[in-house]
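Enquirer: Handing over run_12.cif, mmCIF, C-alpha atoms.
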data_final
#
loop_
_atom_site.label_atom_id
_atom_site.label_comp_id
_atom_site.auth_asym_id
_atom_site.auth_seq_id
_atom_site.Cartn_x
_atom_site.Cartn_y
_atom_site.Cartn_z
CA MET A 1 0.00 0.00 0.00
CA LEU A 2 2.79 2.45 0.89
CA LYS A 3 4.59 1.65 -2.36
CA ASN A 4 1.43 2.24 -4.40
CA SER A 5 0.76 5.47 -2.52
CA PHE A 6 4.31 6.61 -3.33
CA TRP A 7 3.76 6.15 -7.07
CA THR A 8 0.33 7.77 -6.90
CA ALA A 9 1.72 10.75 -4.98
CA LEU A 10 4.70 11.04 -7.37
CA SER A 11 2.42 11.03 -10.41
CA SER A 12 0.13 13.61 -8.81
CA GLY A 13 3.14 15.73 -7.88
CA VAL A 14 4.36 15.73 -11.48
CA TYR A 15 0.81 16.59 -12.59
CA ALA A 16 0.81 19.56 -10.21
CA ILE A 17 4.19 20.68 -11.62
CA GLN A 18 2.84 20.31 -15.16
CA SER A 19 -0.18 22.41 -14.22
CA PHE A 20 2.02 25.11 -12.72
CA VAL A 21 4.37 25.14 -15.73
CA THR A 22 1.42 25.36 -18.13
CA THR A 23 -0.02 28.27 -16.15
CA LYS A 24 3.39 29.96 -16.03
CA LEU A 25 3.73 29.66 -19.81
CA PHE A 26 0.32 31.27 -20.32
CA SER A 27 1.25 34.00 -17.82
CA ILE A 28 4.50 34.75 -19.69
CA TYR A 29 2.85 34.90 -23.11
CA PHE A 30 -0.51 36.48 -22.23
CA GLY A 31 -0.25 37.84 -18.67
CA PRO A 32 -3.04 37.69 -16.05
CA GLN A 33 -5.66 37.83 -18.81
CA GLY A 34 -4.22 34.62 -20.28
CA VAL A 35 -4.39 32.88 -16.91
CA THR A 36 -8.07 33.83 -16.63
CA LEU A 37 -8.88 32.40 -20.06
CA LEU A 38 -6.84 29.27 -19.32
CA SER A 39 -8.74 28.67 -16.08
CA HIS A 40 -12.08 29.20 -17.81
CA PHE A 41 -11.13 26.84 -20.62
CA GLN A 42 -9.93 24.13 -18.21
CA ASN A 43 -13.21 24.51 -16.31
CA ILE A 44 -15.14 23.79 -19.50
CA ILE A 45 -13.06 20.65 -20.12
CA ALA A 46 -13.64 19.53 -16.52
CA ILE A 47 -17.41 19.77 -16.98
CA PHE A 48 -17.14 17.21 -19.79
CA ILE A 49 -14.83 14.74 -18.06
CA THR A 50 -15.64 14.84 -14.32
CA ILE A 51 -18.74 12.60 -14.26
CA PRO A 52 -17.19 9.89 -16.48
CA SER A 53 -13.87 10.07 -14.61
CA GLU A 54 -15.05 10.40 -11.00
CA GLY A 55 -18.39 8.61 -11.35
CA ILE A 56 -18.39 5.90 -13.99
CA ASN A 57 -14.70 4.98 -14.04
CA LYS A 58 -14.45 4.58 -10.26
CA SER A 59 -17.31 2.10 -10.40
CA VAL A 60 -15.42 0.27 -13.16
CA VAL A 61 -12.31 0.07 -10.98
CA ARG A 62 -14.30 -1.30 -8.04
CA ASN A 63 -16.04 -3.97 -10.14
CA LEU A 64 -13.06 -5.11 -12.20
CA ALA A 65 -10.75 -5.22 -9.17
CA GLN A 66 -12.84 -7.99 -7.60
CA LYS A 67 -11.35 -11.47 -7.64
CA ASN A 68 -14.48 -13.07 -9.13
CA CYS A 69 -14.39 -10.86 -12.22
CA ASN A 70 -14.53 -13.24 -15.19
CA GLN A 71 -14.48 -12.43 -18.91
CA SER A 72 -18.27 -12.05 -19.19
CA VAL A 73 -18.37 -9.63 -16.26
CA PHE A 74 -15.42 -7.74 -17.76
CA ASN A 75 -17.14 -7.41 -21.16
CA ALA A 76 -20.45 -6.32 -19.62
CA THR A 77 -18.71 -3.73 -17.44
CA ILE A 78 -16.69 -2.34 -20.34
CA SER A 79 -19.73 -2.05 -22.61
CA SER A 80 -21.93 -0.47 -19.93
CA SER A 81 -19.34 2.06 -18.82
CA LEU A 82 -18.46 3.15 -22.35
CA THR A 83 -22.14 3.56 -23.21
CA MET A 84 -22.74 5.67 -20.10
CA THR A 85 -19.63 7.73 -20.87
CA LEU A 86 -20.99 8.46 -24.35
CA VAL A 87 -24.34 9.50 -22.85
CA CYS A 88 -22.57 11.82 -20.38
CA TYR A 89 -20.55 13.35 -23.21
CA LEU A 90 -23.67 14.03 -25.27
CA VAL A 91 -25.50 15.56 -22.29
CA SER A 92 -22.48 17.77 -21.57
CA PHE A 93 -22.41 18.79 -25.24
CA VAL A 94 -26.07 19.85 -25.05
CA PHE A 95 -25.33 21.96 -21.97
CA PHE A 96 -22.32 23.39 -23.79
CA LEU A 97 -24.58 24.58 -26.62
CA ILE A 98 -27.18 25.97 -24.20
CA PHE A 99 -24.62 28.04 -22.30
CA LEU A 100 -22.63 29.03 -25.37
CA PRO A 101 -23.42 32.78 -24.90
CA PHE A 102 -21.62 32.69 -21.54
CA TYR A 103 -18.49 31.33 -23.21
CA ILE A 104 -18.63 33.93 -25.98
CA ASP A 105 -19.03 36.79 -23.49
CA ASP A 106 -16.08 35.66 -21.40
CA PHE A 107 -13.69 34.80 -24.23
CA PRO A 108 -12.67 37.88 -26.25
CA ILE A 109 -11.54 35.67 -29.10
CA ASN A 110 -13.36 34.24 -32.09
CA PHE A 111 -13.08 30.68 -30.84
CA PHE A 112 -16.41 29.01 -30.13
CA PHE A 113 -17.96 29.82 -33.52
CA SER A 114 -14.93 28.61 -35.49
CA PRO A 115 -14.24 25.07 -36.75
CA LYS A 116 -11.42 24.91 -34.20
CA ILE A 117 -13.92 24.14 -31.46
CA LEU A 118 -14.59 20.79 -33.19
CA LEU A 119 -10.95 19.88 -32.59
CA VAL A 120 -11.38 20.60 -28.88
CA LEU A 121 -14.52 18.46 -28.69
CA PHE A 122 -12.67 15.62 -30.43
CA ALA A 123 -9.74 16.03 -28.04
CA ILE A 124 -12.16 15.68 -25.10
CA ILE A 125 -13.29 12.29 -26.48
CA LEU A 126 -9.65 11.14 -26.66
CA HIS A 127 -9.08 12.49 -23.13
CA LEU A 128 -12.03 10.42 -21.85
CA ILE A 129 -10.55 7.29 -23.45
CA VAL A 130 -7.18 7.99 -21.80
CA LEU A 131 -8.84 8.38 -18.39
CA TYR A 132 -10.82 5.21 -18.98
CA ILE A 133 -7.77 3.11 -19.91
CA GLY A 134 -5.95 4.60 -16.93
CA ASN A 135 -8.67 3.29 -14.63
CA LEU A 136 -8.32 -0.16 -16.21
CA PHE A 137 -4.66 -0.03 -15.15
CA LEU A 138 -5.75 0.79 -11.60
CA ALA A 139 -8.35 -1.99 -11.58
CA SER A 140 -5.63 -4.44 -12.64
CA SER A 141 -3.25 -3.11 -9.93
CA PHE A 142 -0.75 -1.85 -12.54
CA ILE A 143 -0.32 1.28 -10.45
CA LYS A 144 3.41 1.74 -11.05
CA THR A 145 3.04 1.46 -14.83
CA TYR A 146 0.05 3.80 -14.77
CA ALA A 147 1.96 6.35 -12.70
CA ILE A 148 5.06 6.25 -14.95
CA LEU A 149 2.93 6.68 -18.09
CA GLY A 150 1.13 9.56 -16.38
CA ILE A 151 4.45 11.22 -15.57
CA PHE A 152 5.63 11.02 -19.19
CA ASN A 153 2.23 12.22 -20.41
CA ASN A 154 2.52 15.31 -18.21
CA ILE A 155 6.04 16.00 -19.48
CA PHE A 156 4.91 15.71 -23.12
CA SER A 157 1.92 17.90 -22.31
CA ILE A 158 4.21 20.79 -21.39
CA GLY A 159 6.07 20.48 -24.71
CA ILE A 160 2.88 20.27 -26.78
CA THR A 161 1.39 23.30 -25.03
CA TYR A 162 4.61 25.26 -25.56
CA ILE A 163 4.42 24.61 -29.31
CA GLY A 164 0.84 25.91 -29.39
CA LEU A 165 1.84 29.07 -27.55
CA GLN A 166 4.12 30.03 -30.44
CA PHE A 167 1.06 30.76 -32.59
CA SER A 168 -1.91 32.26 -30.71
CA ILE A 169 -3.98 31.76 -27.59
CA GLU A 170 -6.59 29.86 -29.64
CA ASN A 171 -3.99 27.39 -30.92
CA ALA A 172 -2.45 27.15 -27.44
CA LEU A 173 -5.81 26.06 -26.01
CA ILE A 174 -6.29 23.51 -28.80
CA PHE A 175 -2.80 22.08 -28.32
CA LEU A 176 -3.42 21.98 -24.57
CA SER A 177 -6.63 19.98 -25.03
CA PHE A 178 -4.77 17.40 -27.16
CA SER A 179 -1.78 17.28 -24.81
CA HIS A 180 -3.74 15.26 -22.23
CA CYS A 181 -4.00 12.31 -24.62
CA SER A 182 -0.47 12.32 -26.04
CA LEU A 183 0.20 8.76 -24.81
CA LEU A 184 -3.18 7.25 -25.71
CA PHE A 185 -1.79 4.58 -28.04
CA VAL A 186 1.13 3.82 -25.72
CA MET A 187 -1.28 3.23 -22.82
CA TYR A 188 -3.45 1.04 -25.01
CA TYR A 189 -0.41 -0.97 -26.10
CA PHE A 190 0.81 -1.62 -22.56
CA TYR A 191 -2.61 -2.60 -21.30
CA LYS A 192 -3.10 -5.07 -24.17
CA LYS A 193 0.40 -6.40 -23.50
CA TYR A 194 -0.29 -7.03 -19.82
CA LYS A 195 -3.91 -8.18 -19.96
CA ASN A 196 -4.60 -9.13 -23.56
CA GLU A 197 -8.23 -8.02 -23.16
CA THR A 198 -10.50 -5.99 -25.41
CA VAL A 199 -10.52 -2.45 -24.07
CA LEU A 200 -13.18 -0.91 -26.31
CA ASN A 201 -16.01 -3.45 -26.27
CA PHE A 202 -18.81 -1.15 -27.34
CA ASN A 203 -22.33 -2.48 -28.10
CA PHE A 204 -24.53 0.30 -26.66
CA GLN A 205 -25.87 -1.77 -23.77
CA ILE A 206 -26.04 -0.94 -20.08
CA ASN A 207 -25.92 -3.88 -17.71
CA LYS A 208 -27.04 -2.62 -14.28
CA ALA A 209 -25.56 -5.62 -12.50
CA SER A 210 -22.14 -4.90 -13.97
CA LEU A 211 -22.17 -1.41 -12.49
CA LYS A 212 -23.85 -2.14 -9.16
CA ASP A 213 -21.99 0.62 -7.33
CA ILE A 214 -22.54 3.25 -9.99
CA ASN A 215 -25.08 5.28 -7.99
CA LEU A 216 -22.61 5.93 -5.17
CA TYR A 217 -19.93 7.32 -7.46
CA LEU A 218 -22.25 8.85 -10.04
CA TRP A 219 -24.15 11.04 -7.60
CA THR A 220 -20.91 12.04 -5.93
CA ALA A 221 -19.47 13.06 -9.32
CA ILE A 222 -22.66 14.93 -10.26
CA SER A 223 -22.42 16.90 -7.02
CA VAL A 224 -18.77 17.73 -7.84
CA VAL A 225 -19.82 19.05 -11.25
CA GLY A 226 -22.93 20.88 -10.06
CA PHE A 227 -21.59 22.35 -6.83
CA GLY A 228 -17.92 22.48 -7.84
CA LYS A 229 -17.07 22.89 -11.52
CA LEU A 230 -20.23 24.73 -12.60
CA THR A 231 -20.14 26.90 -9.49
CA ASP A 232 -16.52 27.83 -10.25
CA PHE A 233 -17.41 28.58 -13.86
CA PHE A 234 -20.33 30.90 -13.13
CA VAL A 235 -18.48 32.56 -10.25
CA ARG A 236 -15.56 33.26 -12.59
CA SER A 237 -17.98 34.65 -15.20
CA TYR A 238 -19.48 36.93 -12.57
CA ILE A 239 -16.05 38.11 -11.42
CA ILE A 240 -14.94 38.82 -15.00
CA SER A 241 -18.02 40.97 -15.57
CA THR A 242 -17.77 42.67 -12.13
CA TYR A 243 -14.05 43.43 -12.29
CA ASN A 244 -11.99 42.61 -15.41
CA LEU A 245 -9.77 39.93 -16.94
CA PHE A 246 -6.62 41.32 -15.33
CA GLU A 247 -7.98 41.37 -11.76
CA THR A 248 -9.59 37.98 -12.27
CA GLY A 249 -6.24 36.66 -13.47
CA LEU A 250 -4.57 37.79 -10.24
CA TRP A 251 -7.19 35.95 -8.20
CA GLN A 252 -6.86 32.85 -10.41
CA ALA A 253 -3.08 32.89 -9.95
CA VAL A 254 -3.45 32.53 -6.18
CA SER A 255 -6.29 30.04 -6.57
CA LYS A 256 -4.22 27.83 -8.89
CA ILE A 257 -1.36 27.68 -6.39
CA SER A 258 -3.92 26.55 -3.81
CA ASP A 259 -5.35 23.93 -6.21
CA GLY A 260 -1.84 22.62 -6.87
CA TYR A 261 -0.88 21.87 -3.29
CA THR A 262 -4.40 20.59 -2.58
CA THR A 263 -3.95 18.01 -5.37
CA VAL A 264 -0.62 16.88 -3.91
CA PHE A 265 -2.13 16.73 -0.41
CA LEU A 266 -5.02 14.55 -1.52
CA ALA A 267 -2.75 12.25 -3.49
CA ALA A 268 -0.31 11.85 -0.62
CA PHE A 269 -2.79 11.34 2.22
CA SER A 270 -6.22 10.55 0.85
CA THR A 271 -5.56 6.94 -0.24
CA LEU A 272 -3.94 5.87 3.02
CA ILE A 273 -6.53 7.64 5.16
CA PHE A 274 -9.42 6.23 3.11
CA VAL A 275 -8.08 2.70 3.61
CA LYS A 276 -7.50 3.30 7.33
CA PHE A 277 -11.02 4.67 7.77
CA SER A 278 -12.38 1.59 6.02
CA SER A 279 -10.50 -0.75 8.36
CA LEU A 280 -11.70 1.10 11.49
CA ILE A 281 -15.30 1.69 10.46
CA ASP A 282 -16.65 -0.88 12.94
CA ASP A 283 -14.35 0.11 15.82
CA LYS A 284 -15.70 3.42 17.08
CA MET A 285 -13.04 3.87 19.78
CA ALA A 286 -10.12 3.31 17.38
CA LEU A 287 -11.80 5.47 14.75
CA SER A 288 -12.25 8.29 17.29
CA VAL A 289 -8.58 8.19 18.30
CA PHE A 290 -7.35 8.02 14.69
CA LEU A 291 -9.67 10.79 13.44
CA LYS A 292 -8.61 13.20 16.19
CA LYS A 293 -4.94 12.42 15.61
CA VAL A 294 -5.23 12.98 11.85
CA ILE A 295 -7.16 16.26 12.25
CA ILE A 296 -4.60 17.66 14.69
CA ILE A 297 -1.64 16.62 12.51
CA VAL A 298 -3.22 17.99 9.33
CA PHE A 299 -4.25 21.22 11.04
CA LEU A 300 -0.78 21.86 12.50
CA PHE A 301 0.97 20.89 9.26
CA SER A 302 -1.34 23.21 7.30
CA ILE A 303 -0.59 26.14 9.62
CA MET A 304 3.18 25.67 9.26
CA ALA A 305 3.18 25.06 5.51
CA LEU A 306 0.76 27.85 4.62
CA SER A 307 2.47 30.32 6.97
CA THR A 308 5.69 29.63 5.08
CA LEU A 309 3.90 30.13 1.77
CA TYR A 310 2.41 33.41 2.99
CA TYR A 311 5.84 34.68 4.10
CA PHE A 312 7.33 33.88 0.67
CA ARG A 313 4.23 34.87 -1.33
CA ASN A 314 6.03 37.44 -3.51
CA LEU A 315 8.75 34.97 -4.39
CA SER A 316 6.15 32.28 -5.08
CA LEU A 317 4.31 34.52 -7.53
CA GLU A 318 7.52 35.35 -9.38
CA ILE A 319 8.53 31.66 -9.54
CA PHE A 320 5.17 30.28 -10.63
CA TYR A 321 4.22 33.23 -12.87
CA ASN A 322 6.18 36.46 -13.38
CA VAL A 323 6.58 39.95 -11.88
CA ASP A 324 3.26 41.05 -13.41
CA PHE A 325 1.50 38.89 -10.81
CA VAL A 326 3.20 40.35 -7.71
CA PRO A 327 0.14 42.59 -7.01
CA ALA A 328 -1.71 39.33 -6.22
CA GLU A 329 0.31 39.05 -2.96
CA ARG A 330 -2.47 40.91 -1.15
CA LEU A 331 -4.84 38.01 -1.91
CA PHE A 332 -2.84 35.34 -0.07
CA LYS A 333 -3.92 36.13 3.52
CA TYR A 334 -7.50 34.90 3.31
CA GLN A 335 -6.70 32.18 0.76
CA CYS A 336 -4.22 30.60 3.19
CA LEU A 337 -6.61 31.05 6.11
CA GLY A 338 -9.35 29.23 4.23
CA ASP A 339 -7.03 26.42 3.18
CA VAL A 340 -5.98 25.77 6.78
CA PHE A 341 -9.58 24.76 7.45
CA LYS A 342 -10.16 23.19 4.03
CA PHE A 343 -7.73 20.31 4.56
CA PRO A 344 -9.38 18.95 7.75
CA PHE A 345 -12.73 19.20 5.96
CA LEU A 346 -11.41 17.14 3.04
CA ILE A 347 -10.15 14.49 5.45
CA MET A 348 -13.49 14.20 7.24
CA SER A 349 -15.44 14.18 3.99
CA ASN A 350 -13.49 11.02 3.11
CA LEU A 351 -15.08 9.41 6.16
CA LEU A 352 -18.53 10.28 4.84
CA LEU A 353 -17.83 8.31 1.68
CA VAL A 354 -16.42 5.37 3.65
CA GLN A 355 -19.63 5.33 5.69
CA MET A 356 -21.64 5.47 2.44
CA ARG A 357 -23.36 8.66 3.63
CA VAL A 358 -23.62 9.99 0.09
CA LYS A 359 -26.69 12.17 0.72
CA ILE A 360 -24.92 13.98 3.55
CA TYR A 361 -21.84 14.41 1.36
CA ILE A 362 -23.91 15.95 -1.45
CA ILE A 363 -25.80 18.21 0.97
CA LEU A 364 -22.48 19.48 2.36
CA GLN A 365 -21.28 20.21 -1.19
CA ALA A 366 -24.47 22.17 -1.84
CA ILE A 367 -24.13 24.14 1.42
CA SER A 368 -20.49 24.88 0.61
CA ALA A 369 -21.38 26.22 -2.85
CA CYS A 370 -24.23 28.33 -1.47
CA ILE A 371 -22.03 29.90 1.24
CA TYR A 372 -19.40 30.72 -1.39
CA ILE A 373 -21.83 32.26 -3.89
CA VAL A 374 -23.77 34.29 -1.31
CA PHE A 375 -20.68 35.82 0.29
CA ILE A 376 -19.05 36.51 -3.07
CA TYR A 377 -22.14 38.43 -4.15
CA ILE A 378 -22.40 40.38 -0.89
CA LEU A 379 -18.70 41.16 -0.49
CA SER A 380 -18.16 42.07 -4.15
CA GLN A 381 -20.55 45.01 -3.66
CA TYR A 382 -18.17 46.60 -1.14
CA MET A 383 -14.68 45.16 -1.79
CA ASP A 384 -12.18 44.71 -4.59
CA ILE A 385 -11.12 41.29 -5.98
CA ASN A 386 -10.03 40.30 -2.46
CA SER A 387 -13.73 39.62 -1.82
CA MET A 388 -13.16 36.26 -3.52
CA ASN A 389 -10.54 35.19 -1.00
CA VAL A 390 -12.52 36.46 1.99
CA ALA A 391 -15.49 34.42 0.75
CA HIS A 392 -13.13 31.45 0.33
CA ALA A 393 -12.04 31.75 3.97
CA ILE A 394 -15.60 32.10 5.26
CA ARG A 395 -16.63 29.07 3.19
CA TRP A 396 -14.02 26.67 4.53
CA VAL A 397 -14.08 27.86 8.13
CA SER A 398 -17.86 27.35 8.10
CA MET A 399 -17.66 23.93 6.43
CA CYS A 400 -14.92 22.72 8.77
CA MET A 401 -16.96 23.73 11.82
CA LEU A 402 -20.04 22.10 10.33
CA VAL A 403 -18.36 18.75 9.64
CA ILE A 404 -16.74 18.75 13.09
CA PHE A 405 -20.22 19.25 14.57
CA LEU A 406 -21.44 16.41 12.35
CA TYR A 407 -18.80 14.07 13.77
CA LYS A 408 -18.87 15.32 17.36
CA ASP A 409 -20.16 11.92 18.57
CA ILE A 410 -17.08 10.17 17.13
CA LEU A 411 -14.62 12.89 18.15
CA LEU A 412 -15.95 12.91 21.73
CA TYR A 413 -16.56 9.16 21.94
CA GLN A 414 -13.45 8.42 24.05
CA ILE A 415 -14.38 11.17 26.57
CA GLU A 416 -17.93 9.84 26.87
CA ILE A 417 -16.66 6.31 27.52
CA GLU A 418 -14.28 7.51 30.24
CA LYS A 419 -17.15 9.29 32.00
#
As a first step, turn the structure in this file into structure tokens.

Expert:
Amino acid sequence: MLKNSFWTALSSGVYAIQSFVTTKLFSIYFGPQGVTLLSHFQNIIAIFITIPSEGINKSVVRNLAQKNCNQSVFNATISSSLTMTLVCYLVSFVFFLIFLPFYIDDFPINFFFSPKILLVLFAIILHLIVLYIGNLFLASSFIKTYAILGIFNNIFSIGITYIGLQFSIENALIFLSFSHCSLLFVMYYFYKKYKNETVLNFNFQINKASLKDINLYLWTAISVVGFGKLTDFFVRSYIISTYNLFETGLWQAVSKISDGYTTVFLAAFSTLIFVKFSSLIDDKMALSVFLKKVIIIVFLFSIMALSTLYYFRNLSLEIFYNVDFVPAERLFKYQCLGDVFKFPFLIMSNLLLVQMRVKIYIILQAISACIYIVFIYILSQYMDINSMNVAHAIRWVSMCMLVIFLYKDILLYQIEIEK
């Protein structure tokens, strides 16, 4: 488990570096405005891929990883998951057309009415196939191979994006969308070599028995899209219209640094903690002791790490972006404060999924999005772009307190027993 977690964390770390390098390249070529457009574009891509990746594919991993998975179960699972992925893609495409005016208003480039957008939509299909094959690697416990291929894919992605940047921002976005699937055929080759199974068994049938856990992951993924990706998209649209592309770019620069270390944190700790929670789920005393220990460690580590980041915030902005982004240093205070409370929340939300309390998890996501939107709207009437980071801090402090209250019976279980 530790070895697998190492490779997962390493791959996620390289992905975070790739994300930072890509953002830095856009910042060098197009400034804060380019970072805003990059974030908006990546948000659109995420809307297409999140439900298939986080919902359908996780169910595939769970089903195919079982020891009693024979060839018939494998074929049924593959066919069902690919069919559902196609349905999700088509639904996302319909929503894309419905909300097309929002994209046109936010992007000051003739992009979404040009034939180039067809290349992006095709690249998304290839990206979905890459994510799908990657999950087949995980289901087969080829974690090291999957991680190494992911590392090389991220390295190639930087080079492909750099080539696109030599032309225009439109071409840079197109090259970026294709960069995620640069090793598609290599991944397919290695999986066929190891397993010698048909990867794309596609007959437009959905076998409910083959995806028995789909509801758990699907509703979780839908909540991530609805209360996460779409919320981020419309919030960013509102901020662009309220302020401007430059100010929004400064905010996005700080937000992307936060997203980067959050990704590494989840990769490094989430797998081990999820497994530990699962093993202690029936032992309330041990779970209480472990949960308190983890929360304290994460909280203290977050304070130390984020205090260091805040102290070196100017240097961080120059390293990850360029001197044009130094004015964003004033946005770090409340971003770091919010993240100190965000990490314990993410840990405890893992426990909700282990306990199969999906409804509670989704409700918390909805509450989190509502707090964020309401405070952004209120604060933006009286503050500058820093209103975003203040709302971020209020959001995660509130959610952390709420989830601690939700688990007060477990956290206080040892004290109650001693009484």

Enquirer: Written as a VMD selection string, which residues does the PyMOL selection byres ((chain A and resi 380) around 12) give for the file shown?

Expert: chain A and resid 235 238 to 243 372 to 379 381 to 391

Enquirer: Run the PyMOL selection byres ((chain A and resi 327) around 10) mentally over the shown coordinates, then write out the matched residues as an mmCIF file with C-alpha atoms, keeping the file's coordinate frame, using the chain letters and numbers from the document.

Expert:
data_model
loop_
_atom_site.group_PDB
_atom_site.id
_atom_site.type_symbol
_atom_site.label_atom_id
_atom_site.label_comp_id
_atom_site.auth_asym_id
_atom_site.auth_seq_id
_atom_site.Cartn_x
_atom_site.Cartn_y
_atom_site.Cartn_z
ATOM 1 C CA GLU A 247 -7.980 41.370 -11.760
ATOM 2 C CA LEU A 250 -4.570 37.790 -10.240
ATOM 3 C CA TRP A 251 -7.190 35.950 -8.200
ATOM 4 C CA ASN A 314 6.030 37.440 -3.510
ATOM 5 C CA LEU A 317 4.310 34.520 -7.530
ATOM 6 C CA VAL A 323 6.580 39.950 -11.880
ATOM 7 C CA ASP A 324 3.260 41.050 -13.410
ATOM 8 C CA PHE A 325 1.500 38.890 -10.810
ATOM 9 C CA VAL A 326 3.200 40.350 -7.710
ATOM 10 C CA ALA A 328 -1.710 39.330 -6.220
ATOM 11 C CA GLU A 329 0.310 39.050 -2.960
ATOM 12 C CA ARG A 330 -2.470 40.910 -1.150
ATOM 13 C CA LEU A 331 -4.840 38.010 -1.910
#

Enquirer: Rounded to one decimal in Å, what is the spacing between atom CA of A:Ser255 and atom CA of A:Gln365?

Expert: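 That distance, rounded to one decimal, is 18.7 Å.
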
Enquirer: Please report as CSV every residue of stretch 25-49 of chain A lying within 10 Å of stretch 214-233 of chain A, along with the nearest atom pair and their distance in Å (one decimal), using only C-alpha atoms.

Expert:
residue,atom,partner,partner_atom,distance
A:Ser39,CA,A:Phe233,CA,9.0
A:His40,CA,A:Phe233,CA,6.7
A:Phe41,CA,A:Phe233,CA,9.4
A:Gln42,CA,A:Phe233,CA,9.7
A:Asn43,CA,A:Phe233,CA,6.3
A:Ile44,CA,A:Phe233,CA,7.7
A:Ile45,CA,A:Lys229,CA,9.7
A:Ala46,CA,A:Lys229,CA,6.9
A:Ile47,CA,A:Val225,CA,6.3
A:Phe48,CA,A:Val225,CA,9.1
A:Ile49,CA,A:Val225,CA,9.5

Enquirer: How many Å separate atom CA of A:Ser316 from atom CA of A:Val254?

Expert: 9.7 Å

Enquirer: Which residue is closest to A:Gln335? Choose from A:Ile257, A:Ala286, A:Leu37, A:Ile28 and count all atoms listed in the file.

Expert: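 Ranking A:Ile257, A:Ala286, A:Leu37, A:Ile28 by distance to A:Gln335, first place goes to A:Ile257.
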
Enquirer: Once the PyMOL selection byres ((chain A and resi 321) around 10) is applied to the coordinates I shared, what remains selected? I want it as a ChimeraX atom specification.

Expert: /A:20-28,31-32,35,253,315-320,322-326

Enquirer: Do a neighbour search on A:Gln18 at 12 Å with all atoms listed in the file, toss out local chain neighbours closer than 2 positions, and write the hits as a JSON list (two decimals) with C-alpha atoms, in the coordinates of the input.

Expert:
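Output below, filename part25.json:
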[["chain", "number", "residue", "atom", "x", "y", "z"],
["A", 11, "SER", "CA", 2.42, 11.03, -10.41],
["A", 12, "SER", "CA", 0.13, 13.61, -8.81],
["A", 13, "GLY", "CA", 3.14, 15.73, -7.88],
["A", 14, "VAL", "CA", 4.36, 15.73, -11.48],
["A", 15, "TYR", "CA", 0.81, 16.59, -12.59],
["A", 16, "ALA", "CA", 0.81, 19.56, -10.21],
["A", 20, "PHE", "CA", 2.02, 25.11, -12.72],
["A", 21, "VAL", "CA", 4.37, 25.14, -15.73],
["A", 22, "THR", "CA", 1.42, 25.36, -18.13],
["A", 23, "THR", "CA", -0.02, 28.27, -16.15],
["A", 24, "LYS", "CA", 3.39, 29.96, -16.03],
["A", 25, "LEU", "CA", 3.73, 29.66, -19.81],
["A", 150, "GLY", "CA", 1.13, 9.56, -16.38],
["A", 151, "ILE", "CA", 4.45, 11.22, -15.57],
["A", 152, "PHE", "CA", 5.63, 11.02, -19.19],
["A", 153, "ASN", "CA", 2.23, 12.22, -20.41],
["A", 154, "ASN", "CA", 2.52, 15.31, -18.21],
["A", 155, "ILE", "CA", 6.04, 16.00, -19.48],
["A", 156, "PHE", "CA", 4.91, 15.71, -23.12],
["A", 157, "SER", "CA", 1.92, 17.90, -22.31],
["A", 158, "ILE", "CA", 4.21, 20.79, -21.39],
["A", 159, "GLY", "CA", 6.07, 20.48, -24.71],
["A", 160, "ILE", "CA", 2.88, 20.27, -26.78],
["A", 161, "THR", "CA", 1.39, 23.30, -25.03],
["A", 162, "TYR", "CA", 4.61, 25.26, -25.56],
["A", 176, "LEU", "CA", -3.42, 21.98, -24.57],
["A", 179, "SER", "CA", -1.78, 17.28, -24.81],
["A", 180, "HIS", "CA", -3.74, 15.26, -22.23],
["A", 260, "GLY", "CA", -1.84, 22.62, -6.87],
["A", 320, "PHE", "CA", 5.17, 30.28, -10.63]]

Enquirer: Please measure the separation of atom CA of A:Ser349 and atom CA of A:Met399, giving the value in Å to one decimal.

Expert: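 Going from atom CA of A:Ser349 over to atom CA of A:Met399 covers 10.3 Å.
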
Enquirer: Excluding same-chain residues fewer than 2 positions from A:Leu121, what lies within 10 Å of it counting only C-alpha atoms, as number ranges by chain?

Expert: A: 45, 48, 89, 93, 116-119, 123-127, 174, 177-178

Enquirer: Which residue gives the smallest distance to A:Leu136 among A:Ile363, A:Ile56, A:Leu10, A:Met348, with only C-alpha atoms counted?

Expert: A:Ile56

Enquirer: Go through A:Phe343, A:Phe290, A:Tyr189, A:Phe30 one by one, measure the shortest atom-to-atom distance of each to A:Ile410 using all atoms listed in the file, and give the residue with the smallest value.

Expert: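 Looking only at the distances to A:Ile410, the closest residue turns out to be A:Phe290.
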
Enquirer: Kindly write stretch 38-42 of chain A with N, CA and C atoms to a file, as a tab-separated table (two decimals), in the first residue's frame.

Expert:
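decode_27.tsv, freshly written:
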chain	number	residue	atom	x	y	z
A	38	LEU	N	-7.28	30.65	-19.52
A	38	LEU	CA	-6.84	29.27	-19.32
A	38	LEU	C	-7.70	28.58	-18.27
A	39	SER	N	-7.93	29.25	-17.15
A	39	SER	CA	-8.74	28.67	-16.08
A	39	SER	C	-10.16	28.41	-16.56
A	40	HIS	N	-10.72	29.34	-17.29
A	40	HIS	CA	-12.08	29.20	-17.81
A	40	HIS	C	-12.15	28.02	-18.79
A	41	PHE	N	-11.16	27.93	-19.64
A	41	PHE	CA	-11.13	26.84	-20.62
A	41	PHE	C	-10.98	25.48	-19.93
A	42	GLN	N	-10.10	25.38	-18.95
A	42	GLN	CA	-9.93	24.13	-18.21
A	42	GLN	C	-11.19	23.76	-17.45
